[in-house]
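A.B. asks: This is the structure, below, for whatever I ask next.
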Amino acid sequence: MWSRSIASSKILNVTRNVQQLNVSQQRNFRVAVAGASGGIGQPLSLLLKINNLVKTLVLYDVQNTAGVAADLSHIPTQAKVLHFTGAENMSAALKGAEVLVIPAGVPRKPGMTRDDLFNTNASIVASIAEVAAKSCPKAMVAIISNPVNSTVPIFSEVLKKHGAYDPKRIFGVTTLDVERAVTFVAEMKSLNPDSVNIPVIGGHAGTTILPIISQATPKVSIDKDKLAPLIARIQDAGTEVVKAKAGAGSATLSMAYSAARFTDSLLQALSGTPNIVECAYVKSDVTEAKYFANPLLLGKDGIQQNLGIGTLTPYEKELLDKAVPQLVQNIKKGEDFVNKK
Ligand SMILES: NC(=O)C1=CN([C@@H]2O[C@H](COP(=O)(O)OP(=O)(O)OC[C@H]3O[C@@H](n4cnc5c(N)ncnc54)[C@H](O)[C@@H]3O)[C@@H](O)[C@H]2O)C=CC1
Ligand SMILES: O=C([O-])CC(=O)C(=O)O
């Protein structure tokens with residue numbers, strides 16, 4: 001199963017044809033959001049508040065979580081909302097989280113690359129990892145903060161230092177790349193996006209984002225002259241939003257939707273729902289890059305099976321060959337940040 005529907009959402013269930021667990025099978029989880037007051041954090045927290053698999057929703061940020069929590073707490077769903085503000089309260093916030101979602105950090109402004117965020121966001125992600133290693137070492141961790149190609153290695157290296165590293169539980173969230181690939185292809189081919197799936201492999205920046213259109217389901221045929229611009233649009237879609245927002249940040253609403261869907265998949269996998277497959281950027285030996293995104297089968301302990309990249313066309317292979325050295329560089333930068341301090 002590879003469904004983009006948020007299966008456990010109270011509202012979305014009304015309109016979507018989704019798989020439901022029996023109530024007896026259902027477990028409820030403690031989910032923490034670090035960066036909960038931000039542009040992504042707030043709508044993400046809203047979507048998690050209406051997810052039936054969430055029993056406790058913990059909002060953590062360096063500012064304003066009381067307001068967001070008061071607001072969300074008036075929505076009549078089972079998830080109880082707790083809030084913590086400030087570094088001194090982070091360890092209480094993360095304690096016992098079974099899933100930790102991290103949209104903490106600064107977003108891009110026009111003219112910036114994701115890597116330009118490294119100087120600020122590397123420290124933010126490392127500081128959250130320091131606390132997570134002690135407060136929720138068994139949590140599934142979904143890292144949104146950019147540059148994802150480097151922040152996932154940073155989080156991993158910090159956990160290694162604390163002896164709390166489990167590569168099966170640390171995910172860079174690349175779901176939005178999949179959503180964009182699906183949206184643009186569905187538009188181009190006049191398909192219902194609900195029925196379209198497209199794996200996106202590699203990383204989450206520019207040419208490291210590799211939509212594998214040849215593996216789209218249903219199969220789509222795209223004219224040669226349209227393929228390169230389509231792939232470029234998917235790769236540059238984040239920049240398209242940054243430009244349109246003109247200094248007011250980057251994708252927040254589509255990202256919140258994507259993160260809510262990815263979190264829901266983690267929760268379903270934790271609940272024992274079989275055949276949950278998502279693309280994410282994880283520790284990998286699929287290519288020379290030590291971290292790489294591709295479809296993963298998720299289970300109770302995180303990654304149950306890495307499904308690899310399948311068969312690529314010569315053109316896709318060419319793009320992959322160009323992406324891997326870039327990823328290797330981004331990964332090394334993240335690892336060095338932690339280990340050369
Ligand atoms: N992986 C992906 O596909 C995407 C990633 N992003 C990234 O997500 C991040 C967040 O973006 P936005 O929500 O738009 O930014 P934002 O600036 O609106 O929100 C970020 C939040 O993080 C908080 N924060 C800062 N330092 C913190 C710390 N040490 N601990 C906890 N919270 C802290 C801020 O107070 C703020 O509330 C950015 O790095 C952005 O580039 C954005 C879109 C897509
Ligand atoms: O483009 C950005 O800076 C935010 C992001 O990662 C995306 O929208 O894919």
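Going through the structure tokens in order, the chains are called A, B, and so on, while each chain numbers its residues from 1 and the ligands are numbered from 1 in the order shown.
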Please produce, as JSON lines, a per-residue contact table for segment 279-315 of chain A versus segment 193-200 of chain A (criterion: any atom at most 9 Å away, only C-alpha atoms considered), showing the nearest atom pair and its distance in Å to one decimal, sorted by chain then residue number.
C.D. replies:
```
{"residue": "A:Cys279", "atom": "CA", "partner": "A:Pro199", "partner_atom": "CA", "distance": 6.7}
{"residue": "A:Ala280", "atom": "CA", "partner": "A:Val200", "partner_atom": "CA", "distance": 8.7}
{"residue": "A:Ala293", "atom": "CA", "partner": "A:Val200", "partner_atom": "CA", "distance": 7.4}
{"residue": "A:Asn294", "atom": "CA", "partner": "A:Val200", "partner_atom": "CA", "distance": 6.4}
{"residue": "A:Pro295", "atom": "CA", "partner": "A:Pro199", "partner_atom": "CA", "distance": 6.6}
{"residue": "A:Ile309", "atom": "CA", "partner": "A:Pro199", "partner_atom": "CA", "distance": 8.6}
```
A.B. asks: Taking only C-alpha atoms and all ligand atoms into account, which residues have an atom no farther than 9 Å from ligand 2? I'd like them as a PyMOL selection string.
C.D. replies: chain A and resi 107-109+112-114+117+144-148+174+176-177+204-205+235-242+249-252+254-255
A.B. asks: Those residues with C-alpha atoms, as a PDB file, in the first residue's frame please?
C.D. replies:
```pdb
ATOM      1  CA  PRO A 107      13.378  29.110   6.189  1.00  0.00           C
ATOM      2  CA  ARG A 108      14.876  30.440   2.949  1.00  0.00           C
ATOM      3  CA  LYS A 109      14.462  33.914   1.523  1.00  0.00           C
ATOM      4  CA  MET A 112      19.194  31.613  -0.927  1.00  0.00           C
ATOM      5  CA  THR A 113      19.908  27.909  -1.352  1.00  0.00           C
ATOM      6  CA  ARG A 114      18.919  25.389   1.310  1.00  0.00           C
ATOM      7  CA  LEU A 117      20.532  27.758   6.048  1.00  0.00           C
ATOM      8  CA  ILE A 144      12.025  18.653   8.190  1.00  0.00           C
ATOM      9  CA  SER A 145      14.593  21.384   8.975  1.00  0.00           C
ATOM     10  CA  ASN A 146      16.776  22.283   6.000  1.00  0.00           C
ATOM     11  CA  PRO A 147      19.215  21.498   4.576  1.00  0.00           C
ATOM     12  CA  VAL A 148      17.781  17.988   5.054  1.00  0.00           C
ATOM     13  CA  THR A 174      11.083  14.238   1.501  1.00  0.00           C
ATOM     14  CA  LEU A 176       6.729  17.046  -0.296  1.00  0.00           C
ATOM     15  CA  ASP A 177       8.895  16.118  -3.277  1.00  0.00           C
ATOM     16  CA  HIS A 204      16.099  17.189  -0.794  1.00  0.00           C
ATOM     17  CA  ALA A 205      17.858  20.013  -2.630  1.00  0.00           C
ATOM     18  CA  GLN A 235      13.449  20.007  -8.330  1.00  0.00           C
ATOM     19  CA  ASP A 236      12.840  23.764  -8.186  1.00  0.00           C
ATOM     20  CA  ALA A 237       9.349  23.679  -6.690  1.00  0.00           C
ATOM     21  CA  GLY A 238      10.578  24.828  -3.268  1.00  0.00           C
ATOM     22  CA  THR A 239      12.243  27.819  -4.923  1.00  0.00           C
ATOM     23  CA  GLU A 240       9.009  28.530  -6.841  1.00  0.00           C
ATOM     24  CA  VAL A 241       7.249  28.959  -3.463  1.00  0.00           C
ATOM     25  CA  VAL A 242      10.116  30.964  -1.932  1.00  0.00           C
ATOM     26  CA  GLY A 249       9.346  32.274   3.944  1.00  0.00           C
ATOM     27  CA  SER A 250       9.050  28.979   2.087  1.00  0.00           C
ATOM     28  CA  ALA A 251       6.469  26.223   1.707  1.00  0.00           C
ATOM     29  CA  THR A 252       4.501  25.808   4.926  1.00  0.00           C
ATOM     30  CA  SER A 254       1.979  21.901   1.556  1.00  0.00           C
ATOM     31  CA  MET A 255       4.841  20.927   3.878  1.00  0.00           C
TER      32      MET A 255
END
```
A.B. asks: Compile the contact shell of Gly96 of chain A as JSON, numbers by chain: residues with an atom at most 7 Å away, counting only C-alpha atoms, same-chain residues fewer than 2 positions apart removed.
C.D. replies: {"A": [94, 98, 135, 136]}
A.B. asks: Can you write out the residues you just picked, keeping N, CA and C atoms, as an mmCIF file, in the first residue's frame?
C.D. replies:
```cif
data_model
loop_
_atom_site.group_PDB
_atom_site.id
_atom_site.type_symbol
_atom_site.label_atom_id
_atom_site.label_comp_id
_atom_site.auth_asym_id
_atom_site.auth_seq_id
_atom_site.Cartn_x
_atom_site.Cartn_y
_atom_site.Cartn_z
ATOM 1 N N LEU A 94 10.237 16.565 25.270
ATOM 2 C CA LEU A 94 10.503 15.405 24.404
ATOM 3 C C LEU A 94 10.387 14.078 25.149
ATOM 4 N N GLU A 98 7.022 9.177 21.190
ATOM 5 C CA GLU A 98 7.191 7.989 20.335
ATOM 6 C C GLU A 98 7.480 8.401 18.892
ATOM 7 N N SER A 135 16.009 11.993 26.123
ATOM 8 C CA SER A 135 14.595 12.061 26.511
ATOM 9 C C SER A 135 13.702 11.107 25.717
ATOM 10 N N CYS A 136 14.066 10.823 24.473
ATOM 11 C CA CYS A 136 13.216 9.919 23.668
ATOM 12 C C CYS A 136 14.083 9.122 22.698
#
```
A.B. asks: Once DSSP has gone over the backbone, tell me which residues of segment 84-290 of chain A are in strand (DSSP E or B), as a CSV table (one decimal) with C-alpha atoms, in the first residue's frame.
C.D. replies:
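Produced file part-v4.csv, reproduced below:
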```csv
chain,number,residue,atom,x,y,z
A,84,PHE,CA,6.6,23.7,26.5
A,85,THR,CA,8.6,26.8,25.6
A,99,VAL,CA,7.4,10.2,17.3
A,100,LEU,CA,9.3,13.4,17.1
A,101,VAL,CA,8.7,15.7,14.2
A,102,ILE,CA,11.2,18.6,13.7
A,140,MET,CA,10.8,7.7,15.3
A,141,VAL,CA,12.3,11.0,14.2
A,142,ALA,CA,11.1,13.0,11.2
A,143,ILE,CA,13.5,15.8,10.3
A,170,ILE,CA,15.8,8.6,11.7
A,171,PHE,CA,14.1,10.0,8.6
A,172,GLY,CA,14.6,13.1,6.5
A,197,ASN,CA,2.2,7.5,-7.2
A,200,VAL,CA,11.3,10.5,-5.6
A,201,ILE,CA,14.8,9.4,-4.7
A,202,GLY,CA,18.1,11.0,-3.8
A,209,ILE,CA,15.8,15.5,-6.0
A,210,LEU,CA,15.2,12.8,-8.5
A,211,PRO,CA,11.6,12.0,-9.4
A,217,THR,CA,1.8,4.3,-11.3
A,276,ILE,CA,3.1,1.1,4.7
A,277,VAL,CA,5.5,2.5,2.1
A,278,GLU,CA,7.0,6.0,2.1
A,279,CYS,CA,10.0,7.7,0.5
A,280,ALA,CA,12.3,9.3,3.0
A,281,TYR,CA,16.0,10.2,3.3
A,282,VAL,CA,17.7,7.7,5.5
A,283,LYS,CA,21.0,5.9,6.3
```
A.B. asks: Do a neighbour search on Ser45 of chain A at 9 Å with only C-alpha atoms, toss out local chain neighbours closer than 2 positions, and write the hits as a PyMOL selection string.
C.D. replies: chain A and resi 33+36-37+40-43+47-50+57-59+68+72+256+260
A.B. asks: Keeping only N, CA and C atoms, write the selected residues to a file as a compact mmCIF listing (two decimals), in the first residue's frame.
C.D. replies:
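Result went into out-v1.txt, see below:
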```
# COMPACT_ATOMS: atom_id res chain seq x y z
N VAL A 33 6.21 17.86 18.50
CA VAL A 33 6.62 18.70 17.37
C VAL A 33 7.60 19.74 17.91
N ALA A 36 7.00 23.99 16.85
CA ALA A 36 5.54 23.91 16.69
C ALA A 36 4.87 25.26 16.47
N SER A 37 5.56 26.36 16.78
CA SER A 37 4.92 27.68 16.62
C SER A 37 5.16 28.29 15.26
N ILE A 40 5.37 26.03 9.45
CA ILE A 40 5.01 24.62 9.25
C ILE A 40 4.40 24.06 10.53
N GLY A 41 5.04 24.40 11.65
CA GLY A 41 4.66 23.80 12.93
C GLY A 41 3.18 23.95 13.27
N GLN A 42 2.63 25.13 12.99
CA GLN A 42 1.23 25.35 13.39
C GLN A 42 0.23 24.52 12.56
N PRO A 43 0.27 24.61 11.23
CA PRO A 43 -0.67 23.77 10.49
C PRO A 43 -0.39 22.27 10.65
N LEU A 47 -3.09 19.42 11.96
CA LEU A 47 -3.40 18.14 11.30
C LEU A 47 -3.14 16.96 12.25
N LEU A 48 -2.16 17.10 13.13
CA LEU A 48 -1.91 16.02 14.09
C LEU A 48 -2.99 16.00 15.18
N LYS A 49 -3.52 17.18 15.50
CA LYS A 49 -4.59 17.25 16.51
C LYS A 49 -5.83 16.47 16.04
N ILE A 50 -6.02 16.39 14.72
CA ILE A 50 -7.21 15.68 14.21
C ILE A 50 -6.86 14.26 13.74
N LEU A 57 -0.34 15.28 22.09
CA LEU A 57 0.38 16.10 21.12
C LEU A 57 1.18 17.14 21.91
N VAL A 58 2.49 17.05 21.82
CA VAL A 58 3.35 17.95 22.59
C VAL A 58 3.92 19.02 21.67
N LEU A 59 3.65 20.27 22.01
CA LEU A 59 4.15 21.38 21.20
C LEU A 59 5.38 21.96 21.89
N VAL A 68 -0.52 28.67 20.73
CA VAL A 68 -0.89 27.65 19.74
C VAL A 68 -1.65 26.52 20.45
N LEU A 72 -5.45 25.21 19.71
CA LEU A 72 -5.71 23.83 19.25
C LEU A 72 -6.54 23.04 20.26
N ALA A 256 3.24 21.13 5.69
CA ALA A 256 2.51 20.62 6.85
C ALA A 256 1.67 19.41 6.44
N ALA A 260 2.32 15.75 7.88
CA ALA A 260 1.22 15.07 8.58
C ALA A 260 1.00 13.69 7.97
```
A.B. asks: Please, what distance in Å, to one decimal, runs between atom CA of Leu191 of chain A and atom CA of Arg261 of chain A?
C.D. replies: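 Atom CA of Arg261 of chain A lies 20.8 Å from atom CA of Leu191 of chain A.
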A.B. asks: Of the candidates A:Val185, A:Ile154, A:Leu267, A:Ile124, which shows the shortest atom-to-atom distance to ligand 1, using only C-alpha atoms and all ligand atoms?
C.D. replies: A:Ile124
A.B. asks: Set the distance at 12 Å and use only C-alpha atoms: which residues neighbour Gln304 of chain A once local chain neighbours fewer than 2 positions away are removed? I'd like the list as a ChimeraX atom specification.
C.D. replies: /A:167-169,266,269-270,272,274-278,295-302,306-307
A.B. asks: Generate a file of the selected residues that holds C-alpha atoms, formatted as a PDB file, in the first residue's frame.
C.D. replies:
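Result file selection.pdb:
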```pdb
ATOM      1  CA  PRO A 167      19.406   4.264  11.749  1.00  0.00           C
ATOM      2  CA  LYS A 168      16.025   2.593  11.284  1.00  0.00           C
ATOM      3  CA  ARG A 169      14.327   5.406  13.211  1.00  0.00           C
ATOM      4  CA  LEU A 266       4.869   6.238  10.933  1.00  0.00           C
ATOM      5  CA  ALA A 269       3.390   1.364  10.982  1.00  0.00           C
ATOM      6  CA  LEU A 270       3.865   1.577  14.765  1.00  0.00           C
ATOM      7  CA  GLY A 272       1.061  -2.723  13.079  1.00  0.00           C
ATOM      8  CA  PRO A 274       1.090  -3.748   7.112  1.00  0.00           C
ATOM      9  CA  ASN A 275       2.449  -2.502   3.782  1.00  0.00           C
ATOM     10  CA  ILE A 276       3.105   1.117   4.702  1.00  0.00           C
ATOM     11  CA  VAL A 277       5.543   2.508   2.137  1.00  0.00           C
ATOM     12  CA  GLU A 278       6.978   6.026   2.074  1.00  0.00           C
ATOM     13  CA  PRO A 295      10.822   3.950  -0.994  1.00  0.00           C
ATOM     14  CA  LEU A 296      10.921   2.257   2.414  1.00  0.00           C
ATOM     15  CA  LEU A 297       8.660  -0.354   3.935  1.00  0.00           C
ATOM     16  CA  LEU A 298       7.844   0.887   7.438  1.00  0.00           C
ATOM     17  CA  GLY A 299       7.175  -1.327  10.443  1.00  0.00           C
ATOM     18  CA  LYS A 300       6.958  -1.253  14.240  1.00  0.00           C
ATOM     19  CA  ASP A 301      10.692  -0.655  14.557  1.00  0.00           C
ATOM     20  CA  GLY A 302      11.014   1.935  11.813  1.00  0.00           C
ATOM     21  CA  ASN A 306      14.728  -0.561   2.190  1.00  0.00           C
ATOM     22  CA  LEU A 307      13.015  -1.090  -1.159  1.00  0.00           C
TER      23      LEU A 307
END
```
A.B. asks: For Glu88 of chain A, find every residue with an atom within 12 Å (counting only C-alpha atoms), except residues of its own chain fewer than 6 positions away, and show them as a list in words.
C.D. replies: Tyr60, Asp61, Val62, Leu94, Ser127, Ile128 and Val131 of chain A
A.B. asks: Please, what distance in Å, to one decimal, runs between atom CA of Thr77 of chain A and atom CA of Ala92 of chain A?
C.D. replies: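 The value is 23.5 Å.
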A.B. asks: Which residue gives the smallest distance to ligand 1 among A:Ala69, A:Leu82, A:Ala122, A:Ala139, with only C-alpha atoms and all ligand atoms counted?
C.D. replies: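 For ligand 1, the nearest of the candidates is A:Ala122.
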A.B. asks: Under the rule that only C-alpha atoms are counted, which of A:Pro76, A:Pro110, A:Gly35, A:Gly105 is the nearest residue to Asn51 of chain A?
C.D. replies: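 Smallest distance to Asn51 of chain A is found for A:Pro76.
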A.B. asks: Between A:Leu319, A:Leu53, A:Ile303, A:Ala66, which residue has the minimum interatomic distance to Gln78 of chain A, considering only C-alpha atoms?
C.D. replies: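 Smallest separation from Gln78 of chain A among the options: A:Leu53.
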A.B. asks: For each of A:Val54, A:Ala289, A:Ala87, A:Val81, take the minimum atom-to-atom distance to ligand 1, counting only C-alpha atoms and all ligand atoms, then give the residue where this is smallest.
C.D. replies: A:Ala87
A.B. asks: At what distance in Å, to one decimal, does atom 29 (N, counted along the ligand's line) of ligand 1 lie from atom CA of Phe337 of chain A?
C.D. replies: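 It comes out at 16.4 Å.
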A.B. asks: When you count only C-alpha atoms and all ligand atoms, which of these residues is closest to ligand 1: A:Lys332, A:Lys340, A:Lys189, A:Arg180?
C.D. replies: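 Comparing A:Lys332, A:Lys340, A:Lys189, A:Arg180 against ligand 1, the winner is A:Arg180.
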A.B. asks: Please report, as a PyMOL selection string, each residue of segment 38-281 of chain A to which DSSP assigns helix (DSSP H, G or I) when run on this structure's backbone.
C.D. replies: chain A and resi 41-49+65-72+87-94+114-135+148-161+167-169+175-189+193-195+206-208+213-215+224-235+237-245+253-271
